[in-house]
$ cat target.csv   # CSV, C-alpha atoms
chain,number,residue,atom,x,y,z
A,24,MET,CA,-1.6,-6.6,-32.0
A,25,PRO,CA,-1.6,-10.4,-31.2
A,26,GLY,CA,-3.7,-11.3,-28.1
A,27,PHE,CA,-5.7,-8.0,-27.8
A,28,ASN,CA,-8.9,-6.8,-29.3
A,29,VAL,CA,-7.9,-3.4,-30.8
A,30,VAL,CA,-11.3,-2.5,-32.2
A,31,SER,CA,-14.6,-3.5,-30.5
A,32,GLY,CA,-16.1,-6.4,-32.4
A,33,GLY,CA,-13.0,-7.0,-34.5
A,34,GLY,CA,-9.3,-7.4,-34.4
A,35,GLY,CA,-9.1,-11.1,-33.7
A,36,SER,CA,-10.2,-13.7,-31.1
A,37,GLY,CA,-7.7,-12.8,-28.3
A,38,PRO,CA,-8.6,-11.7,-24.8
A,39,SER,CA,-10.6,-8.5,-24.2
A,40,ASN,CA,-8.6,-5.3,-23.8
A,41,THR,CA,-10.6,-4.5,-20.7
A,42,ILE,CA,-9.3,-7.3,-18.5
A,43,GLU,CA,-7.2,-6.1,-15.7
A,44,VAL,CA,-4.1,-8.3,-14.9
A,45,ARG,CA,-2.9,-8.6,-11.3
A,46,ARG,CA,0.1,-6.4,-10.5
A,47,ALA,CA,3.2,-7.5,-8.7
A,48,HIS,CA,3.3,-4.3,-6.6
A,49,ARG,CA,-0.2,-4.6,-5.2
A,50,TRP,CA,-0.2,-6.9,-2.2
A,51,MET,CA,-0.4,-7.1,1.6
A,52,PHE,CA,1.0,-9.6,4.1
A,53,GLU,CA,-0.5,-10.0,7.5
A,54,THR,CA,0.7,-12.3,10.3
A,55,LEU,CA,-1.1,-13.0,13.6
A,56,GLY,CA,2.2,-13.8,15.3
A,57,PRO,CA,4.9,-11.9,17.1
A,58,VAL,CA,5.8,-9.6,14.2
A,59,ALA,CA,4.3,-6.2,15.0
A,60,PRO,CA,1.8,-4.9,12.3
A,61,ASN,CA,3.8,-1.6,11.9
A,62,VAL,CA,6.9,-3.7,10.9
A,63,LEU,CA,4.8,-5.2,8.0
A,64,LEU,CA,4.5,-1.7,6.5
A,65,LEU,CA,8.2,-1.8,5.6
A,66,LEU,CA,7.9,-5.0,3.5
A,67,GLN,CA,9.8,-4.8,0.2
A,68,SER,CA,8.9,-8.1,-1.4
A,69,ALA,CA,7.2,-11.4,-0.7
A,70,GLN,CA,6.5,-14.7,-2.5
A,71,ARG,CA,3.1,-16.4,-3.0
A,72,PRO,CA,2.9,-20.0,-1.7
A,73,SER,CA,4.4,-22.7,-3.9
A,74,PHE,CA,3.2,-26.3,-4.0
A,75,SER,CA,4.7,-29.6,-5.2
A,76,PHE,CA,3.9,-33.4,-5.0
A,77,GLU,CA,6.3,-36.2,-4.4
A,78,GLU,CA,6.2,-38.6,-7.3
A,79,PRO,CA,6.1,-42.3,-6.2
A,80,GLU,CA,6.9,-44.3,-9.3
A,81,MET,CA,5.7,-47.8,-10.2
A,82,HIS,CA,7.9,-49.9,-12.5
A,83,HIS,CA,6.3,-52.2,-15.0
A,84,ASN,CA,8.2,-53.9,-17.8
A,85,GLN,CA,10.0,-51.2,-19.7
A,86,GLU,CA,8.0,-48.2,-18.4
A,87,LYS,CA,7.6,-46.2,-15.3
A,88,VAL,CA,4.2,-44.8,-14.1
A,89,TYR,CA,4.0,-41.9,-11.7
A,90,PHE,CA,1.4,-41.0,-9.0
A,91,ALA,CA,0.7,-38.0,-6.9
A,92,GLY,CA,2.3,-38.7,-3.5
A,93,LYS,CA,2.7,-36.5,-0.4
A,94,GLN,CA,2.3,-32.8,-1.0
A,95,SER,CA,4.6,-30.2,0.4
A,96,TRP,CA,4.6,-26.4,0.5
A,97,GLU,CA,7.8,-24.7,-0.2
A,98,PRO,CA,9.1,-21.9,2.1
A,99,VAL,CA,8.5,-18.3,1.1
A,100,SER,CA,10.9,-15.4,1.4
A,101,LEU,CA,10.0,-12.0,2.8
A,102,VAL,CA,12.3,-9.0,2.6
A,103,TRP,CA,11.9,-5.9,4.8
A,104,TYR,CA,13.6,-2.5,4.6
A,105,ASP,CA,15.4,-2.2,7.9
A,106,GLY,CA,14.3,1.1,9.6
A,107,GLU,CA,16.6,2.6,12.2
A,108,GLN,CA,13.9,3.9,14.5
A,109,SER,CA,10.5,2.5,15.4
A,110,PRO,CA,9.6,0.2,13.9
A,111,ASP,CA,13.0,-1.5,14.3
A,112,VAL,CA,12.6,-4.3,11.8
A,113,SER,CA,15.8,-6.2,12.5
A,114,GLN,CA,14.8,-6.2,16.3
A,115,ALA,CA,11.3,-7.4,15.6
A,116,ILE,CA,12.5,-10.2,13.3
A,117,TYR,CA,15.1,-11.2,15.9
A,118,ASN,CA,12.4,-11.3,18.6
A,119,TRP,CA,10.4,-13.7,16.4
A,120,LEU,CA,13.5,-15.8,15.9
A,121,GLU,CA,14.0,-15.9,19.7
A,122,SER,CA,10.4,-17.0,20.1
A,123,VAL,CA,11.5,-20.2,18.3
A,124,VAL,CA,14.8,-20.7,20.1
A,125,ASP,CA,16.3,-19.1,23.2
A,126,ILE,CA,19.7,-18.2,21.7
A,127,GLY,CA,21.4,-18.0,25.1
A,128,SER,CA,20.5,-21.5,26.2
A,129,ALA,CA,19.9,-23.0,22.7
A,130,ASN,CA,16.5,-24.4,23.8
A,131,VAL,CA,13.8,-24.7,21.2
A,132,ALA,CA,10.4,-23.4,22.4
A,133,PRO,CA,7.2,-25.4,22.4
A,134,VAL,CA,5.5,-25.3,18.9
A,135,GLY,CA,2.5,-23.3,20.2
A,136,THR,CA,4.7,-20.4,21.2
A,137,TYR,CA,6.2,-19.7,17.7
A,138,LYS,CA,3.9,-21.1,15.0
A,139,THR,CA,1.3,-18.7,13.8
A,140,GLU,CA,-1.1,-17.9,10.9
A,141,ALA,CA,-0.5,-15.5,8.1
A,142,THR,CA,-2.5,-14.1,5.2
A,143,LEU,CA,-1.1,-12.9,1.9
A,144,SER,CA,-3.5,-10.8,-0.2
A,145,VAL,CA,-3.1,-9.6,-3.8
A,146,LEU,CA,-5.0,-6.4,-4.2
A,147,ASP,CA,-6.9,-4.8,-7.1
A,148,GLY,CA,-6.5,-1.2,-8.2
A,149,ALA,CA,-8.9,-0.1,-5.5
A,150,GLY,CA,-6.9,-1.8,-2.7
A,151,MET,CA,-9.4,-4.6,-2.3
A,152,PRO,CA,-8.2,-8.2,-2.0
A,153,ASN,CA,-8.9,-10.3,-5.2
A,154,GLU,CA,-6.6,-13.2,-4.3
A,155,GLN,CA,-5.9,-14.4,-0.7
A,156,TRP,CA,-3.8,-17.1,0.7
A,157,GLY,CA,-4.2,-18.4,4.3
A,158,MET,CA,-0.9,-19.8,5.6
A,159,TYR,CA,-1.0,-22.1,8.7
A,160,GLY,CA,1.8,-23.1,11.0
A,161,VAL,CA,4.1,-20.2,9.9
A,162,TRP,CA,7.5,-19.8,11.6
A,163,PRO,CA,10.8,-18.2,10.7
A,164,GLN,CA,13.0,-21.0,9.3
A,165,ALA,CA,15.9,-18.8,8.4
A,166,VAL,CA,16.8,-15.1,8.9
A,167,ASN,CA,19.5,-13.1,7.0
A,168,PHE,CA,20.4,-9.7,8.4
A,169,GLN,CA,22.4,-9.0,5.2
A,170,GLU,CA,25.9,-7.8,4.4
A,171,LEU,CA,27.5,-4.6,5.6
A,172,ASN,CA,29.7,-2.8,3.1
A,173,TYR,CA,31.6,0.6,3.3
A,174,THR,CA,31.5,1.0,-0.5
A,175,SER,CA,27.7,0.7,-0.8
A,176,THR,CA,24.9,3.2,-0.4
A,177,ASP,CA,22.1,0.6,-0.7
A,178,LEU,CA,19.3,0.5,1.7
A,179,MET,CA,19.6,-2.3,4.3
A,180,THR,CA,17.1,-5.1,4.3
A,181,VAL,CA,16.3,-8.1,6.5
A,182,GLU,CA,15.2,-11.3,4.8
A,183,ALA,CA,13.2,-14.1,6.5
A,184,THR,CA,12.4,-17.4,5.0
A,185,LEU,CA,9.1,-18.6,6.4
A,186,ARG,CA,8.3,-22.3,6.7
A,187,TYR,CA,4.6,-23.2,6.9
A,188,ASP,CA,2.6,-26.4,7.2
A,189,ARG,CA,0.0,-25.7,4.6
A,190,ALA,CA,-1.6,-22.9,2.6
A,191,ARG,CA,-5.0,-22.5,1.2
A,192,ARG,CA,-6.4,-20.1,-1.3
A,193,LEU,CA,-9.3,-18.4,0.4
$ encode --input "target.csv" --output "structure tokens"
Amino acid sequence: MPGFNVVSGGGGSGPSNTIEVRRAHRWMFETLGPVAPNVLLLLQSAQRPSFSFEEPEMHHNQEKVYFAGKQSWEPVSLVWYDGEQSPDVSQAIYNWLESVVDIGSANVAPVGTYKTEATLSVLDGAGMPNEQWGMYGVWPQAVNFQELNYTSTDLMTVEATLRYDRARRL
């Protein structure tokens, strides 16, 4: 089998068959902001931070040369199952949204009231973190309360796109 050692001491030069690969279903998201911890128990999916550089280019004769420019962190999306009773996920997400802007008066709040910190942890089989991301300056950039449909029996979800200033692998 390509890429695996089938027999100890033989079978090729691939990776060991005793290496555990991270699993997409073992993770935990924590925020220190207005989203209540019990709401985080209903998370369905999340994204790890994503990074990119701007590419300033320099022209010289018939060629272009590129350099690493300003970096940016792309927003991440989190999806929650929307529970009917406590915790009321859609209400908790709406409250966080209202910490950014007072919907009634359309006034944006001071940054210190809505930006927070968050940690995304990938867990091993024993439930211990083996990869952690600290996210700083986190706030809800967009919220989607999803579609209603009489023909569907799907579970309802709430999706929030979180913008953050920077992330760091801890």
$ closest_atom_pairs --input "target.csv" --of "stretch 62-140 of chain A" --to "stretch 155-164 of chain A" --cutoff "6 Å" --atoms "only C-alpha atoms" --output "CSV"
residue,atom,partner,partner_atom,distance
A:Lys138,CA,A:Gly160,CA,4.9
A:Thr139,CA,A:Val161,CA,5.0
A:Glu140,CA,A:Tyr159,CA,4.7
$ residues_around --input "target.csv" --residues "stretch 72-84 of chain A" --least-positions-apart "3" --cutoff "8 Å" --atoms "only C-alpha atoms" --output "list in words"
Lys87, Val88, Tyr89, Phe90, Ala91, Gly92, Lys93, Gln94, Ser95, Trp96, Glu97, Pro98, Val99, Trp156 and Ala190 of chain A
$ closest_residue --input "target.csv" --among "A:Asn167, A:Asn153, A:Ser100, A:Asn118" --to "A:Tyr137" --atoms "only C-alpha atoms"
A:Asn118
$ closest_residue --input "target.csv" --among "A:Ser113, A:Met51, A:Asn130, A:Tyr104" --to "A:Pro152" --atoms "all atoms listed in the file"
A:Met51
$ residues_around --input "target.csv" --residues "stretch 169-175 of chain A" --least-positions-apart "4" --cutoff "12 Å" --atoms "only C-alpha atoms" --output "VMD selection string"
chain A and resid 102 to 105 113 179 to 183
$ atom_distance --input "target.csv" --atom1 "atom CA of A:Leu120" --atom2 "atom CA of A:Leu143"
20.4 Å
$ atom_distance --input "target.csv" --atom1 "atom CA of A:Leu146" --atom2 "atom CA of A:Trp50"
5.2 Å
$ atom_distance --input "target.csv" --atom1 "atom CA of A:Gln108" --atom2 "atom CA of A:Val62"
10.9 Å
$ closest_residue --input "target.csv" --among "A:Glu86, A:Glu121, A:Gly106, A:Arg45" --to "A:Gln67" --atoms "all atoms listed in the file"
A:Gly106
$ closest_residue --input "target.csv" --among "A:Val166, A:Ala141, A:Leu185, A:Leu193" --to "A:Ala115" --atoms "all atoms listed in the file"
A:Val166
